[in-house]
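One file, my_file28.tsv, is given below (TSV, C-alpha atoms).
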```tsv
chain	number	residue	atom	x	y	z
A	1	MET	CA	6.61	17.78	4.16
A	2	THR	CA	7.26	18.08	0.44
A	3	THR	CA	4.53	18.12	-2.16
A	4	GLN	CA	4.25	17.11	-5.78
A	5	HIS	CA	2.26	19.11	-8.32
A	6	HIS	CA	1.45	17.64	-11.72
A	7	GLY	CA	-0.14	20.58	-13.54
A	8	ARG	CA	-3.87	21.18	-13.83
A	9	PHE	CA	-5.84	18.23	-12.51
A	10	SER	CA	-9.47	17.49	-13.35
A	11	PRO	CA	-11.14	15.01	-10.92
A	12	THR	CA	-13.94	14.47	-13.42
A	13	ARG	CA	-11.51	13.54	-16.21
A	14	TRP	CA	-9.60	11.20	-13.87
A	15	LEU	CA	-12.78	9.43	-12.77
A	16	ARG	CA	-13.84	8.90	-16.39
A	17	LYS	CA	-10.51	7.20	-17.15
A	18	ALA	CA	-10.65	4.81	-14.18
A	19	PRO	CA	-11.28	1.16	-15.20
A	20	VAL	CA	-14.94	0.26	-14.66
A	21	GLY	CA	-14.06	-3.31	-13.75
A	22	ASP	CA	-11.74	-2.12	-11.00
A	23	TYR	CA	-14.51	-0.01	-9.51
A	24	ARG	CA	-16.92	-2.95	-9.50
A	25	ARG	CA	-14.43	-5.28	-7.81
A	26	PHE	CA	-13.32	-2.58	-5.40
A	27	PHE	CA	-16.79	-1.69	-4.16
A	28	THR	CA	-17.76	-5.36	-3.89
A	29	ALA	CA	-14.75	-5.93	-1.63
A	30	ALA	CA	-15.66	-2.85	0.42
A	31	ILE	CA	-19.12	-4.30	1.04
A	32	ARG	CA	-17.70	-7.68	2.05
A	33	HIS	CA	-14.98	-6.20	4.31
A	34	PRO	CA	-16.04	-2.66	5.31
A	35	GLY	CA	-13.46	-2.49	8.10
A	36	THR	CA	-10.51	-3.38	5.88
A	37	VAL	CA	-11.11	-1.21	2.80
A	38	GLY	CA	-10.25	2.34	3.67
A	39	ALA	CA	-10.26	4.10	0.31
A	40	ALA	CA	-13.27	5.54	-1.50
A	41	THR	CA	-11.98	4.58	-4.96
A	42	PRO	CA	-9.27	2.38	-6.50
A	43	THR	CA	-5.80	3.93	-6.47
A	44	SER	CA	-5.15	6.59	-9.11
A	45	ASN	CA	-2.35	6.25	-11.64
A	46	ALA	CA	-0.55	9.23	-10.10
A	47	VAL	CA	-0.51	7.55	-6.68
A	48	ALA	CA	0.61	4.24	-8.16
A	49	ASP	CA	3.44	5.95	-10.05
A	50	SER	CA	4.62	7.69	-6.88
A	51	VAL	CA	4.61	4.49	-4.83
A	52	GLY	CA	6.44	2.57	-7.56
A	53	ARG	CA	9.46	4.83	-7.20
A	54	VAL	CA	10.51	3.14	-3.93
A	55	VAL	CA	11.02	-0.16	-5.79
A	56	PRO	CA	14.67	-0.92	-6.70
A	57	ASP	CA	15.19	-1.27	-10.45
A	58	ARG	CA	18.22	-3.56	-10.23
A	59	GLY	CA	19.44	-6.58	-8.31
A	60	GLU	CA	17.13	-9.17	-6.73
A	61	PRO	CA	14.82	-7.17	-4.45
A	62	VAL	CA	11.89	-8.71	-2.61
A	63	VAL	CA	8.81	-6.48	-2.66
A	64	VAL	CA	5.88	-7.38	-0.42
A	65	GLU	CA	2.57	-5.65	-1.04
A	66	LEU	CA	-0.05	-5.74	1.70
A	67	GLY	CA	-3.62	-5.33	0.49
A	68	PRO	CA	-3.01	-5.02	-3.28
A	69	GLY	CA	-6.78	-4.88	-3.96
A	70	THR	CA	-7.49	-4.46	-7.67
A	71	GLY	CA	-3.77	-4.31	-8.49
A	72	SER	CA	-3.38	-0.62	-9.36
A	73	LEU	CA	-0.16	-0.34	-7.38
A	74	SER	CA	0.93	-3.83	-8.36
A	75	VAL	CA	1.08	-2.95	-12.05
A	76	GLU	CA	3.44	-0.03	-11.39
A	77	ILE	CA	5.59	-2.17	-9.11
A	78	ARG	CA	5.91	-4.78	-11.86
A	79	LYS	CA	7.00	-2.13	-14.36
A	80	ARG	CA	9.95	-1.12	-12.20
A	81	LEU	CA	10.89	-4.45	-10.61
A	82	PRO	CA	13.92	-6.14	-12.25
A	83	ALA	CA	13.49	-9.60	-13.73
A	84	ALA	CA	15.35	-11.24	-10.83
A	85	GLY	CA	13.14	-9.59	-8.19
A	86	ARG	CA	10.20	-11.14	-6.32
A	87	HIS	CA	6.82	-9.53	-5.89
A	88	VAL	CA	4.51	-10.98	-3.25
A	89	GLY	CA	0.97	-9.69	-2.71
A	90	ILE	CA	-0.90	-10.58	0.48
A	91	GLU	CA	-4.62	-9.98	0.08
A	92	LEU	CA	-7.42	-10.68	2.57
A	93	ASP	CA	-10.34	-10.78	0.11
A	94	GLU	CA	-10.48	-14.11	-1.70
A	95	HIS	CA	-12.32	-12.66	-4.71
A	96	MET	CA	-9.57	-10.07	-5.14
A	97	VAL	CA	-7.02	-12.87	-4.87
A	98	ARG	CA	-8.54	-14.64	-7.85
A	99	HIS	CA	-8.70	-11.38	-9.79
A	100	LEU	CA	-5.04	-10.59	-9.04
A	101	ARG	CA	-3.87	-14.05	-10.06
A	102	ARG	CA	-5.56	-13.57	-13.43
A	103	ARG	CA	-4.53	-9.94	-13.95
A	104	ILE	CA	-0.94	-10.12	-12.65
A	105	PRO	CA	0.24	-13.75	-12.78
A	106	GLU	CA	3.85	-12.61	-12.27
A	107	MET	CA	2.98	-11.52	-8.73
A	108	GLU	CA	2.88	-14.25	-6.09
A	109	THR	CA	-0.57	-13.56	-4.68
A	110	VAL	CA	-1.28	-15.07	-1.28
A	111	HIS	CA	-4.66	-15.23	0.41
A	112	GLY	CA	-3.73	-14.07	3.89
A	113	ASN	CA	-3.77	-11.46	6.62
A	114	ALA	CA	-1.19	-8.72	7.21
A	115	ARG	CA	-1.29	-9.57	10.91
A	116	LYS	CA	0.36	-12.89	10.04
A	117	LEU	CA	3.13	-11.46	7.87
A	118	ARG	CA	5.95	-12.84	10.02
A	119	SER	CA	4.67	-16.40	9.68
A	120	THR	CA	3.65	-16.05	6.02
A	121	LEU	CA	6.98	-14.96	4.52
A	122	PRO	CA	9.08	-17.93	5.76
A	123	LYS	CA	6.57	-20.28	4.12
A	124	LEU	CA	7.48	-18.57	0.83
A	125	GLY	CA	11.21	-18.94	1.49
A	126	ILE	CA	11.61	-15.24	2.31
A	127	ASP	CA	13.70	-14.12	5.27
A	128	SER	CA	13.06	-10.39	4.89
A	129	ALA	CA	11.61	-7.87	2.45
A	130	ASP	CA	13.52	-5.06	0.79
A	131	VAL	CA	10.32	-3.08	0.28
A	132	ILE	CA	6.94	-3.33	1.98
A	133	VAL	CA	4.15	-1.44	0.25
A	134	THR	CA	0.84	-1.12	2.10
A	135	SER	CA	-2.61	-0.03	0.95
A	136	ILE	CA	-4.46	-1.03	4.10
A	137	PRO	CA	-6.56	1.62	5.89
A	138	TRP	CA	-4.19	2.48	8.74
A	139	SER	CA	-6.28	5.33	10.09
A	140	LEU	CA	-9.29	3.00	10.44
A	141	LEU	CA	-7.48	0.25	12.34
A	142	ASP	CA	-7.88	0.18	16.09
A	143	GLU	CA	-4.88	0.72	18.35
A	144	ASN	CA	-4.03	-2.96	18.78
A	145	GLU	CA	-4.30	-3.74	15.06
A	146	GLN	CA	-2.10	-0.78	14.11
A	147	HIS	CA	0.53	-1.80	16.65
A	148	ASP	CA	0.49	-5.47	15.63
A	149	VAL	CA	0.67	-4.98	11.86
A	150	LEU	CA	3.36	-2.29	12.08
A	151	ARG	CA	5.45	-4.50	14.34
A	152	GLN	CA	5.07	-7.35	11.85
A	153	CYS	CA	6.21	-5.03	9.05
A	154	ARG	CA	9.25	-3.68	10.92
A	155	ARG	CA	10.41	-7.17	11.86
A	156	SER	CA	9.92	-8.43	8.31
A	157	LEU	CA	11.88	-5.58	6.73
A	158	ALA	CA	15.57	-5.82	5.83
A	159	PRO	CA	17.77	-3.40	7.84
A	160	ASP	CA	18.21	-1.17	4.78
A	161	GLY	CA	14.66	-1.76	3.52
A	162	VAL	CA	11.84	0.70	2.85
A	163	PHE	CA	8.33	0.70	4.26
A	164	THR	CA	5.74	2.82	2.49
A	165	ALA	CA	2.14	3.53	3.42
A	166	MET	CA	-0.52	5.96	2.30
A	167	THR	CA	-3.63	7.57	3.69
A	168	TYR	CA	-6.06	10.16	2.44
A	169	LEU	CA	-4.73	13.60	3.31
A	170	PRO	CA	-7.77	14.64	5.43
A	171	MET	CA	-7.37	11.51	7.57
A	172	ARG	CA	-4.00	12.62	8.91
A	173	HIS	CA	-5.82	14.68	11.56
A	174	SER	CA	-8.14	11.86	12.66
A	175	PRO	CA	-7.32	10.06	15.93
A	176	GLY	CA	-6.25	6.96	13.99
A	177	GLY	CA	-4.22	9.04	11.55
A	178	ARG	CA	-2.34	10.87	14.30
A	179	ARG	CA	-1.72	7.61	16.15
A	180	PHE	CA	-0.35	6.05	12.97
A	181	ARG	CA	2.08	8.92	12.38
A	182	ASP	CA	3.27	8.71	16.00
A	183	ARG	CA	3.87	4.98	15.66
A	184	LEU	CA	5.85	5.48	12.46
A	185	GLU	CA	8.09	8.08	14.06
A	186	ALA	CA	8.66	5.81	17.06
A	187	GLY	CA	9.31	2.72	14.93
A	188	PHE	CA	11.58	4.07	12.17
A	189	GLY	CA	14.71	6.18	12.17
A	190	GLU	CA	13.55	8.13	9.12
A	191	VAL	CA	10.01	9.09	8.12
A	192	LEU	CA	9.47	11.17	4.97
A	193	THR	CA	6.14	12.41	3.63
A	194	HIS	CA	4.82	13.84	0.40
A	195	THR	CA	1.39	14.46	-1.09
A	196	THR	CA	0.00	13.33	-4.42
A	197	TRP	CA	-2.59	15.92	-5.40
A	198	ARG	CA	-3.78	14.07	-8.51
A	199	SER	CA	-6.04	11.85	-6.43
A	200	VAL	CA	-9.59	12.20	-5.14
A	201	PRO	CA	-9.06	13.19	-2.37
A	202	PRO	CA	-5.29	13.93	-2.27
A	203	MET	CA	-3.13	11.12	-0.91
A	204	LEU	CA	-0.47	11.45	1.79
A	205	HIS	CA	2.47	9.05	1.44
A	206	TYR	CA	4.83	7.89	4.16
A	207	THR	CA	8.26	6.53	3.21
A	208	CYS	CA	10.07	5.02	6.19
A	209	ARG	CA	13.57	3.62	6.61
A	210	HIS	CA	15.79	2.21	9.38
A	211	PRO	CA	13.23	0.05	11.25
A	212	ILE	CA	13.62	-0.02	15.01
A	213	VAL	CA	12.94	-3.56	16.19
```

Mind turning the file's structure into structure tokens?
Amino acid sequence: MTTQHHGRFSPTRWLRKAPVGDYRRFFTAAIRHPGTVGAATPTSNAVADSVGRVVPDRGEPVVVELGPGTGSLSVEIRKRLPAAGRHVGIELDEHMVRHLRRRIPEMETVHGNARKLRSTLPKLGIDSADVIVTSIPWSLLDENEQHDVLRQCRRSLAPDGVFTAMTYLPMRHSPGGRRFRDRLEAGFGEVLTHTTWRSVPPMLHYTCRHPIV
């Protein structure tokens, strides 16, 4: 596993810079859906920047974001996505959906469930995604949910597409975290990891290619 260091990092300074509105919306969603919000805080800028790097910056790529939440990752995706690309966000929480449609109107925000990805994309005229970015709490999902959503993602991904997921670094040793890593290694020909330390706590990223369907 490779790691990224970004100089001296102050958690207190990072927390002070985080948007207050994002915190309010984030925690409200966590109360409404405690089993589907796995992070303790909205995504940091460092994490969003790292995830955005998997997005192609030319051509007509289709990027599907599962669980965009407050839109922290979405903003970075939009910065890199070429004008001809498509950005679809599938969000379970209806309040977040309204927020995302106001904050990022360029993203096609859909009120839906990641477990129905295979039936959702054709309704949008999409055969497959070039990139699937996920912010859902993989380590908290039960065995059947993990299996079902990952299968949906692999089957929705273009053969040369990229699937990326993240989890808090300490969660990699939890039963759900270990099961998730095992499923990734069984379902993709290539699984790369790196850690973003400028996050509270540090975030472990998975970048996966060559889906095995």

Q: Tell me which of A:Gly161, A:Pro170, A:Gly67, A:Pro82 sits closest to Leu117 (chain A), counting only C-alpha atoms.
A: A:Gly67

Q) Can you tell me, as number ranges by chain, what residues are no more than 10 Å from Val55 (chain A) when counting only C-alpha atoms, ignoring any on the same chain fewer than 3 positions away? A) A: 51-52, 58, 61-63, 76-82, 85, 130-133, 162

Q.
What does the structure give for the distance between CA of Arg118 (chain A) and CA of Arg154 (chain A), in Å to one decimal?
A.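 Going from CA of Arg118 (chain A) over to CA of Arg154 (chain A), I get 9.8 Å.
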
Q: In Å, rounded to a single decimal, give me how far CA of Ala46 (chain A) is from CA of Leu150 (chain A).
A: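 CA of Ala46 (chain A) lies 25.3 Å from CA of Leu150 (chain A).
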
Q) So how many Å separate CA of Asp57 (chain A) and CA of Lys116 (chain A), to one decimal? A) 27.8 Å

Q) Which one of A:Asn113, A:Arg86, A:Val54, A:Met107 sits closest to Arg209 (chain A) if you count all atoms listed in the file? A)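 Closest candidate: A:Val54.
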
**Q.** Of the listed residues A:Ala158, A:Leu100, A:Leu204, A:Val213, that which approaches Ser139 (chain A) most closely, counting all atoms listed in the file
**A.**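 Result for the nearest residue to Ser139 (chain A): A:Leu204.
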
**Q.** Non-local contacts of Cys208 (chain A) (8 Å; all atoms listed in the file; under 5 positions in same chain excluded) as an MDAnalysis selection string
**A.** chainID A and resid 162:164 184 188:192

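Each of A:Pro201, A:Pro122, A:Pro105, A:Gly187 was checked against Met171 (chain A) using only C-alpha atoms; the smallest atom-to-atom distance is that of A:Pro201.
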